[in-house]
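Heads up, target-v1.txt below (compact mmCIF, C-alpha atoms):
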```txt
# COMPACT_ATOMS: atom_id res chain seq x y z
CA MET G 1 95.06 94.82 24.35
CA ALA G 2 92.55 97.36 23.04
CA ASN G 3 92.19 97.68 19.30
CA THR G 4 93.63 101.05 18.23
CA THR G 5 91.90 101.03 14.84
CA ILE G 6 88.19 100.48 15.45
CA LEU G 7 86.64 100.36 11.99
CA ILE G 8 83.05 101.15 11.06
CA ASP G 9 82.67 97.77 9.35
CA ASP G 10 83.88 96.05 12.51
CA VAL G 11 81.25 97.75 14.64
CA VAL G 12 78.46 97.05 12.15
CA LYS G 13 79.47 93.39 12.00
CA GLU G 14 79.72 93.13 15.76
CA LEU G 15 76.32 94.76 16.36
CA ASN G 16 74.62 92.50 13.83
CA THR G 17 76.25 89.44 15.33
CA PHE G 18 75.33 90.48 18.86
CA LEU G 19 71.68 90.99 17.89
CA SER G 20 71.51 87.71 15.99
CA HIS G 21 72.70 85.94 19.16
CA ASN G 22 70.16 87.86 21.25
CA PRO G 23 67.06 87.87 19.01
CA THR G 24 64.53 88.67 21.76
CA LEU G 25 66.56 91.31 23.59
CA ILE G 26 64.82 94.37 22.13
CA SER G 27 61.25 93.06 22.26
CA ALA G 28 61.71 91.63 25.76
CA SER G 29 63.17 94.89 27.03
CA LEU G 30 60.37 97.04 25.61
CA ASN G 31 57.58 94.64 26.52
CA ARG G 32 58.55 93.89 30.10
CA ALA G 33 56.71 96.00 32.62
CA GLU G 34 59.30 98.68 33.44
CA ILE G 35 57.04 101.46 32.15
CA THR G 36 54.62 102.22 34.98
CA LEU G 37 51.46 102.17 32.87
CA ASP G 38 52.40 98.77 31.43
CA LYS G 39 52.24 97.30 34.93
CA HIS G 40 48.70 98.57 35.48
CA THR G 41 47.08 98.06 32.08
CA LYS G 42 45.76 95.02 30.25
CA PRO G 43 47.15 94.33 26.77
CA LEU G 44 44.82 94.81 23.83
CA THR G 45 46.08 93.32 20.56
CA LYS G 46 44.85 94.37 17.16
CA ILE G 47 46.32 95.55 13.87
CA LYS G 48 48.43 98.71 13.56
CA GLY G 49 46.86 102.05 14.33
CA LYS G 50 43.13 101.60 14.95
CA TYR G 51 41.26 99.57 17.55
CA PRO G 52 37.49 99.88 17.02
CA GLN G 53 35.58 99.14 20.24
CA THR G 54 31.91 98.96 21.14
CA HIS G 55 29.99 98.61 24.36
CA THR G 56 26.30 98.08 24.94
CA LEU G 57 23.87 99.61 27.41
CA LEU G 58 20.61 97.86 28.24
CA GLU G 59 17.97 99.83 30.07
CA ASP G 60 15.92 98.25 32.88
CA VAL G 61 13.56 95.52 31.65
CA VAL G 62 11.75 94.04 34.68
CA GLN G 63 8.18 95.24 35.37
CA GLY G 64 5.01 94.11 37.08
CA PHE G 65 2.90 91.50 35.25
CA SER G 66 -0.14 92.44 33.16
CA ASN G 67 -1.98 90.74 30.26
CA GLU G 68 -0.95 93.50 27.85
CA TRP G 69 2.35 93.88 25.96
CA THR G 70 4.07 96.89 27.55
CA GLU G 71 7.53 97.14 26.10
CA LEU G 72 10.28 98.19 28.52
CA GLY G 73 13.99 98.49 27.94
CA LYS G 74 16.18 99.64 25.08
CA LEU G 75 19.52 98.34 23.85
CA GLN G 76 22.06 101.02 22.91
CA ILE G 77 25.43 100.45 21.25
CA GLU G 78 28.22 102.97 21.77
CA HIS G 79 31.30 103.07 19.52
CA LYS G 80 34.84 104.31 20.11
CA ILE G 81 38.11 104.00 18.19
CA LEU G 82 41.33 103.54 20.16
CA THR G 83 44.60 104.57 18.54
CA ASP G 84 48.23 103.60 18.96
CA TYR G 85 51.26 105.31 17.45
CA HIS G 86 54.22 104.27 15.33
CA GLN G 87 57.48 104.91 17.21
CA LYS G 88 61.04 104.83 15.95
CA VAL G 89 64.63 105.32 17.06
CA ASN G 90 67.30 106.60 14.66
CA PHE G 91 70.50 106.50 16.68
CA SER G 92 74.06 106.87 15.42
CA ILE G 93 77.48 105.90 16.76
CA ILE G 94 80.79 107.33 15.61
CA PRO G 95 83.38 104.56 16.22
CA SER G 96 86.32 106.95 16.09
CA GLU G 97 84.94 108.67 19.17
CA ILE G 98 84.92 105.36 21.03
CA LEU G 99 88.62 104.93 20.23
CA HIS G 100 89.51 108.05 22.18
CA SER G 101 87.34 107.24 25.17
CA TYR G 102 87.47 104.93 28.14
CA TYR G 103 85.16 102.51 26.31
CA ALA G 104 87.85 101.63 23.77
CA GLU G 105 88.87 99.06 26.36
CA LEU G 106 85.60 97.27 25.66
CA TYR G 107 86.67 96.60 22.08
CA GLU G 108 89.21 93.84 22.49
CA GLU G 109 91.27 91.99 19.95
CA ASN G 110 91.18 88.25 19.39
CA LYS G 111 87.51 87.85 20.33
CA LYS G 112 84.57 86.68 18.27
CA PRO G 113 82.13 89.47 17.35
CA GLU G 114 79.35 87.99 19.49
CA ASP G 115 81.68 87.99 22.52
CA MET G 116 82.91 91.59 22.24
CA PRO G 117 81.40 93.68 25.03
CA ILE G 118 81.16 96.99 23.10
CA SER G 119 77.90 95.96 21.41
CA LYS G 120 76.43 94.74 24.68
CA TYR G 121 77.42 98.03 26.28
CA ILE G 122 75.95 100.20 23.50
CA ILE G 123 72.65 98.31 23.30
CA GLU G 124 72.02 97.20 26.89
CA ASN G 125 73.67 99.98 28.89
CA GLU G 126 73.00 103.03 26.74
CA LEU G 127 70.36 102.67 24.04
CA LEU G 128 67.69 100.49 25.68
CA PRO G 129 67.70 102.31 29.05
CA LYS G 130 67.26 105.60 27.21
CA VAL G 131 64.42 104.20 25.10
CA LEU G 132 62.64 102.93 28.23
CA ASP G 133 63.18 106.27 29.98
CA ASN G 134 61.75 108.11 26.96
CA MET G 135 58.74 105.79 26.84
CA GLN G 136 58.07 106.34 30.54
CA THR G 137 57.98 110.10 29.85
CA LEU G 138 55.85 109.74 26.71
CA SER G 139 53.38 107.44 28.47
CA ILE G 140 52.68 110.22 30.98
CA SER G 141 53.11 113.57 29.22
CA GLY G 142 53.35 112.82 25.49
CA VAL G 143 51.25 114.95 23.11
CA TYR G 144 50.79 113.57 19.60
CA ASP G 145 51.50 116.21 16.95
CA PRO G 146 52.16 114.90 13.42
CA ALA G 147 53.82 118.22 12.52
CA ARG G 148 56.39 117.70 15.30
CA LYS G 149 56.69 113.92 15.50
CA ASN G 150 60.42 114.06 14.66
CA GLU G 151 60.97 115.86 17.99
CA PHE G 152 60.92 114.08 21.31
CA GLY G 153 57.62 114.39 23.16
CA PHE G 154 55.23 114.49 20.23
CA SER G 155 55.06 110.90 18.95
CA MET G 156 52.10 109.68 21.04
CA ASN G 157 49.46 110.80 23.52
CA GLY G 158 50.33 110.15 27.15
CA ILE G 159 47.85 109.64 29.97
CA GLU G 160 47.73 113.34 30.93
CA THR G 161 46.71 114.25 27.38
CA ILE G 162 44.17 111.42 27.19
CA LEU G 163 42.54 112.40 30.48
CA ALA G 164 42.45 116.11 29.62
CA ALA G 165 40.57 115.37 26.38
CA MET G 166 37.99 113.36 28.31
CA VAL G 167 36.98 116.39 30.41
CA ASP G 168 37.63 119.22 27.94
CA ARG G 169 35.22 122.11 28.52
CA ASP G 170 36.04 123.88 25.23
CA THR G 171 35.61 120.78 23.05
CA PRO G 172 33.14 118.50 24.87
CA PRO G 173 34.16 114.90 24.19
CA ALA G 174 31.88 112.33 22.61
CA HIS G 175 32.98 109.90 25.33
CA PRO G 176 33.42 111.82 28.61
CA ALA G 177 34.91 110.57 31.86
CA PHE G 178 33.03 110.63 35.17
CA GLU G 179 34.12 113.76 37.07
CA ILE G 180 34.21 114.10 40.85
CA PRO G 181 34.54 117.67 42.17
CA LEU G 182 37.27 118.15 44.76
CA ASN G 183 38.98 121.05 46.50
CA ALA G 184 42.43 122.01 45.26
CA LEU G 185 44.96 119.68 46.86
CA THR G 186 47.25 120.91 49.63
CA ASP G 187 49.66 119.31 52.10
CA ALA G 188 46.97 119.70 54.78
CA ASN G 189 43.92 118.27 52.98
CA ILE G 190 45.06 115.56 50.59
CA VAL G 191 44.01 112.60 52.76
CA ASP G 192 40.54 114.11 53.18
CA GLU G 193 40.25 114.88 49.45
CA VAL G 194 41.27 111.36 48.40
CA THR G 195 38.76 110.01 50.92
CA ALA G 196 36.10 112.34 49.48
CA PHE G 197 36.99 111.08 46.00
CA GLU G 198 36.37 107.50 47.12
CA ARG G 199 33.10 108.35 48.87
CA LYS G 200 31.78 110.08 45.75
CA LEU G 201 32.48 107.15 43.42
CA PRO G 202 29.23 106.11 41.71
CA SER G 203 27.75 103.10 43.47
CA LYS G 204 27.88 100.95 40.32
CA LEU G 205 31.68 101.39 40.16
CA LYS G 206 32.68 101.58 43.81
CA LYS G 207 33.53 97.90 44.31
CA LYS G 208 35.08 97.58 40.87
CA ILE G 209 37.76 100.25 41.24
CA LYS G 210 40.81 98.73 42.94
CA LYS G 211 43.46 101.36 42.15
CA ILE G 212 43.75 105.14 42.31
CA PHE G 213 46.40 106.85 40.18
CA MET G 214 48.16 110.07 41.14
CA SER G 215 51.44 111.96 40.75
CA GLU G 216 54.52 111.17 42.81
CA ASN G 217 54.27 114.57 44.49
CA ASN G 218 50.70 113.93 45.63
CA PHE G 219 51.57 110.42 46.77
CA GLU G 220 54.29 111.89 48.99
CA ARG G 221 51.80 114.43 50.33
CA TYR G 222 49.36 111.63 51.10
CA VAL G 223 51.93 109.55 52.99
CA LEU G 224 53.17 112.49 55.07
CA GLN G 225 49.72 113.78 56.00
CA TYR G 226 48.42 110.29 56.75
CA GLU G 227 51.32 109.61 59.12
CA ASP G 228 50.90 113.03 60.76
CA GLN G 229 47.22 112.32 61.41
CA PHE G 230 47.05 108.58 62.02
CA GLY G 231 50.57 107.26 62.39
CA GLN G 232 52.05 104.52 60.25
CA ASN G 233 49.62 103.31 57.59
CA LYS G 234 48.85 99.72 58.59
CA PHE G 235 47.74 99.04 55.02
CA GLN G 236 51.16 99.98 53.67
CA GLY G 237 53.24 97.00 52.65
CA ASP G 238 54.77 96.70 49.23
CA VAL G 239 52.05 99.13 48.10
CA MET G 240 50.32 102.07 49.76
CA LYS G 241 46.56 101.77 50.17
CA THR G 242 43.94 104.41 50.76
CA ARG G 243 42.47 104.96 54.18
CA LEU G 244 38.84 104.38 53.18
CA GLY G 245 38.63 101.93 50.29
CA LYS G 246 41.96 100.14 50.83
CA ARG G 247 42.61 100.82 47.16
CA GLU G 248 46.17 100.66 45.87
CA ILE G 249 47.71 104.07 45.18
CA VAL G 250 49.62 103.91 41.89
CA VAL G 251 52.38 106.50 41.55
CA LEU G 252 52.82 107.98 38.07
CA GLU G 253 56.37 109.30 37.96
CA GLY G 254 56.68 112.36 35.77
CA MET G 255 53.06 113.44 36.12
CA GLU G 256 52.96 117.17 36.82
CA SER G 257 49.22 117.71 37.26
CA ASP G 258 47.13 117.10 40.39
CA VAL G 259 44.73 114.82 38.54
CA ILE G 260 43.54 111.74 40.44
CA PHE G 261 41.80 108.98 38.51
CA GLY G 262 40.70 105.37 38.65
CA THR G 263 38.89 102.85 36.52
CA THR G 264 37.73 99.24 36.47
CA GLU G 265 40.33 96.49 36.25
CA ASN G 266 39.92 95.57 32.58
CA ASN G 267 39.17 99.03 31.20
CA PHE G 268 42.69 100.51 31.09
CA ARG G 269 44.51 99.10 28.06
CA ASN G 270 48.02 98.86 26.67
CA LEU G 271 47.59 98.81 22.90
CA LYS G 272 49.82 96.26 21.22
CA ASP G 273 49.84 95.25 17.59
CA VAL G 274 49.16 91.56 17.06
CA PHE G 275 52.06 91.26 14.60
CA ASP G 276 54.33 93.86 16.16
CA LYS G 277 57.66 92.86 17.63
CA PRO G 278 59.81 95.78 18.79
CA GLN G 279 63.16 95.34 17.15
CA ILE G 280 66.21 96.89 15.57
CA THR G 281 65.20 96.76 11.93
CA ASP G 282 68.49 97.75 10.32
CA ILE G 283 72.11 98.72 10.99
CA GLN G 284 73.85 100.76 8.31
CA LYS G 285 77.11 102.61 7.88
CA GLN G 286 77.28 106.06 6.34
CA ASP G 287 80.42 108.15 6.19
CA TYR G 288 81.84 108.04 9.74
CA LYS G 289 78.65 106.84 11.43
CA VAL G 290 77.01 103.57 12.30
CA LYS G 291 73.23 104.11 12.10
CA ILE G 292 70.82 102.01 14.17
CA PHE G 293 67.13 101.83 13.16
CA MET G 294 64.47 100.66 15.62
CA GLU G 295 60.65 100.75 15.44
CA TRP G 296 57.46 99.60 17.19
CA TRP G 297 53.88 100.67 17.94
CA LYS G 298 52.68 101.97 21.29
CA GLY G 299 49.62 103.54 22.88
CA TYR G 300 47.31 103.58 25.89
CA ASP G 301 43.58 104.17 26.19
CA PHE G 302 40.40 103.15 27.94
CA LEU G 303 37.82 100.85 26.41
CA ILE G 304 34.97 102.88 27.93
CA ASN G 305 35.71 106.46 28.97
CA GLN G 306 32.51 106.60 31.02
CA MET G 307 34.03 104.00 33.36
CA VAL G 308 36.93 106.34 34.22
CA VAL G 309 36.51 108.52 37.34
CA ILE G 310 38.62 111.67 37.49
CA SER G 311 39.08 114.56 39.89
CA ASN G 312 37.47 117.89 38.94
CA TYR G 313 39.01 121.06 40.37
CA THR G 314 37.26 123.37 37.86
CA ASP G 315 33.63 123.49 38.96
CA VAL G 316 30.90 121.45 40.66
CA ARG G 317 30.15 119.14 37.74
CA TYR G 318 29.55 115.62 38.97
CA GLY G 319 29.43 112.73 36.54
CA LEU G 320 29.52 112.64 32.76
CA GLY G 321 28.51 116.22 32.08
CA THR G 322 24.86 115.73 31.16
CA THR G 323 21.85 114.44 33.01
CA ALA G 324 21.08 112.12 30.10
CA ASP G 325 24.49 110.41 30.27
CA ASN G 326 24.47 110.23 34.06
CA LYS G 327 21.05 108.58 33.95
CA LYS G 328 21.98 106.23 31.11
CA TYR G 329 25.19 104.88 32.66
CA PHE G 330 24.72 105.25 36.41
CA GLY G 331 21.09 106.03 37.16
CA ILE G 332 22.03 109.46 38.52
CA ASP G 333 19.38 112.13 38.06
CA GLY G 334 21.34 115.32 37.43
CA VAL G 335 24.88 116.63 37.28
CA ASN G 336 25.29 117.68 40.91
CA GLU G 337 26.74 115.65 43.74
CA PRO G 338 24.17 113.54 45.60
CA ALA G 339 23.48 114.63 49.16
CA ALA G 340 25.98 113.22 51.64
```
Full structure transcribed into C-alpha cells:
Amino acid sequence: MANTTILIDDVVKELNTFLSHNPTLISASLNRAEITLDKHTKPLTKIKGKYPQTHTLLEDVVQGFSNEWTELGKLQIEHKILTDYHQKVNFSIIPSEILHSYYAELYEENKKPEDMPISKYIIENELLPKVLDNMQTLSISGVYDPARKNEFGFSMNGIETILAAMVDRDTPPAHPAFEIPLNALTDANIVDEVTAFERKLPSKLKKKIKKIFMSENNFERYVLQYEDQFGQNKFQGDVMKTRLGKREIVVLEGMESDVIFGTTENNFRNLKDVFDKPQITDIQKQDYKVKIFMEWWKGYDFLINQMVVISNYTDVRYGLGTTADNKKYFGIDGVNEPAA
C-alpha cells in the first residue's frame, strides 16, 4: 500500500541511503561516453581550471656538408592555456507533490530505504538523464558568461564557441585554426564540398585526420546526395565514411552551424580534473523542499589549434591566416589555396 504521508525527512533519508548503496552512480553516469564529444576526445587530466600546454616547432636542420659552421634550424616553443569550467546542479523536490501524483505508488511502506524505488526513479530516471541532456547541449552550443552562469547555457564554452574564436576576424586569435575555403553548403553540393575539404587538407595532416565532424543536418544532406549520385555507400557500416578519404563522419547533434572540422587523433581533449569525481555533494531539507546539490568540472579544447582544420565560408583565406604561420607549421608559402 502506498504511504499517504510522505515526509521530507523520509525522502532525505531514502535519497542518502540510496546514494550510499550506489556510490559510483553519479560519476559513472557523467563519465561514460553518452555525450558525443566524450566519445571522440581523449581525456586530459590536470588540476581544476587551468591546463597549461606547450608544443615545439623545429625548423629544417639538414644541409649539404662544408668545412664551415653554418647554423640551420631554430627551435620555437608555443604556449596555450586550456580551461575547464565548474558545473553544478541545484535541484529541488517537493514530496507533497509526489503524494498527489502517480509516483506515490513508488513510495511503498514496509521497505528499507535503500530498496524504495522513489529515489531510484528521481535520480536515475529524471535527474541524471536531464543532466546528460544538458551537458550534450552545452558541449555543442554553450557560451561561457560569468555574469549569466546561473542560467542554463552559459556555464561553459561548447565546441561551436571554441571553433568560432579560432577563426575570429574581428579579434584575431593567438592560436588560429587552419581554414579551408568552401562554397556555402546545399543539398546539391555537399558531397563535392566535403570532398574538396579533404583534398585541401595540408599534406602534413592528411593521413593523420581520421574523422570529420559536422551537424546532423549536414550529415543527412551528405547521405541523401551520396545515395542519389552513387547509390548505397559501401563504406557505410556502423559509421558513415567519406567518399574520398574514408574518414568517419561524426554527427554533432544540436549543432546549428554549417561548420565542418577535423583534427589529429590525440589533439581533441576532454578536460578532466585529476581529483574530480562528479557527485551529489549534499542533500538538505528546507521548508517543504528536499534540495539536491551536485557539482563537477567539465570542458573541451584542442592541444594545438593549428592542427585543427575548419571550413571557411567567409572568404578565400587558406591556412592559419598569415604567411608566416603557414610557412612555420606546414611549409605553405602564402595564404591562398595551392593550385589544384
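Taking atom CA of Asn125 of chain G and atom CA of Glu295 of chain G as endpoints, the distance between them is 18.7 Å.
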Can you measure atom CA of Arg148 of chain G to atom CA of Ser92 of chain G for me? One decimal in Å is fine.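 Taking atom CA of Arg148 of chain G and atom CA of Ser92 of chain G, their separation equals 20.7 Å.
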Please provide the set of residues having any atom within 8 Å of segment 318-320 of chain G, restricted to all atoms listed in the file, with same-chain residues fewer than 6 positions apart removed, written as a PyMOL selection string. chain G and resi 176-181+306+326+335-337
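The interatomic distance for the pair atom CA of Lys200 of chain G and atom CA of Asp170 of chain G works out to 25.1 Å.
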Between G:Met214, G:Met255, G:Ile260, G:Ile8, single out the one closest to Gly142 of chain G, counting only C-alpha atoms.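 Ranking G:Met214, G:Met255, G:Ile260, G:Ile8 by distance to Gly142 of chain G, first place goes to G:Met255.
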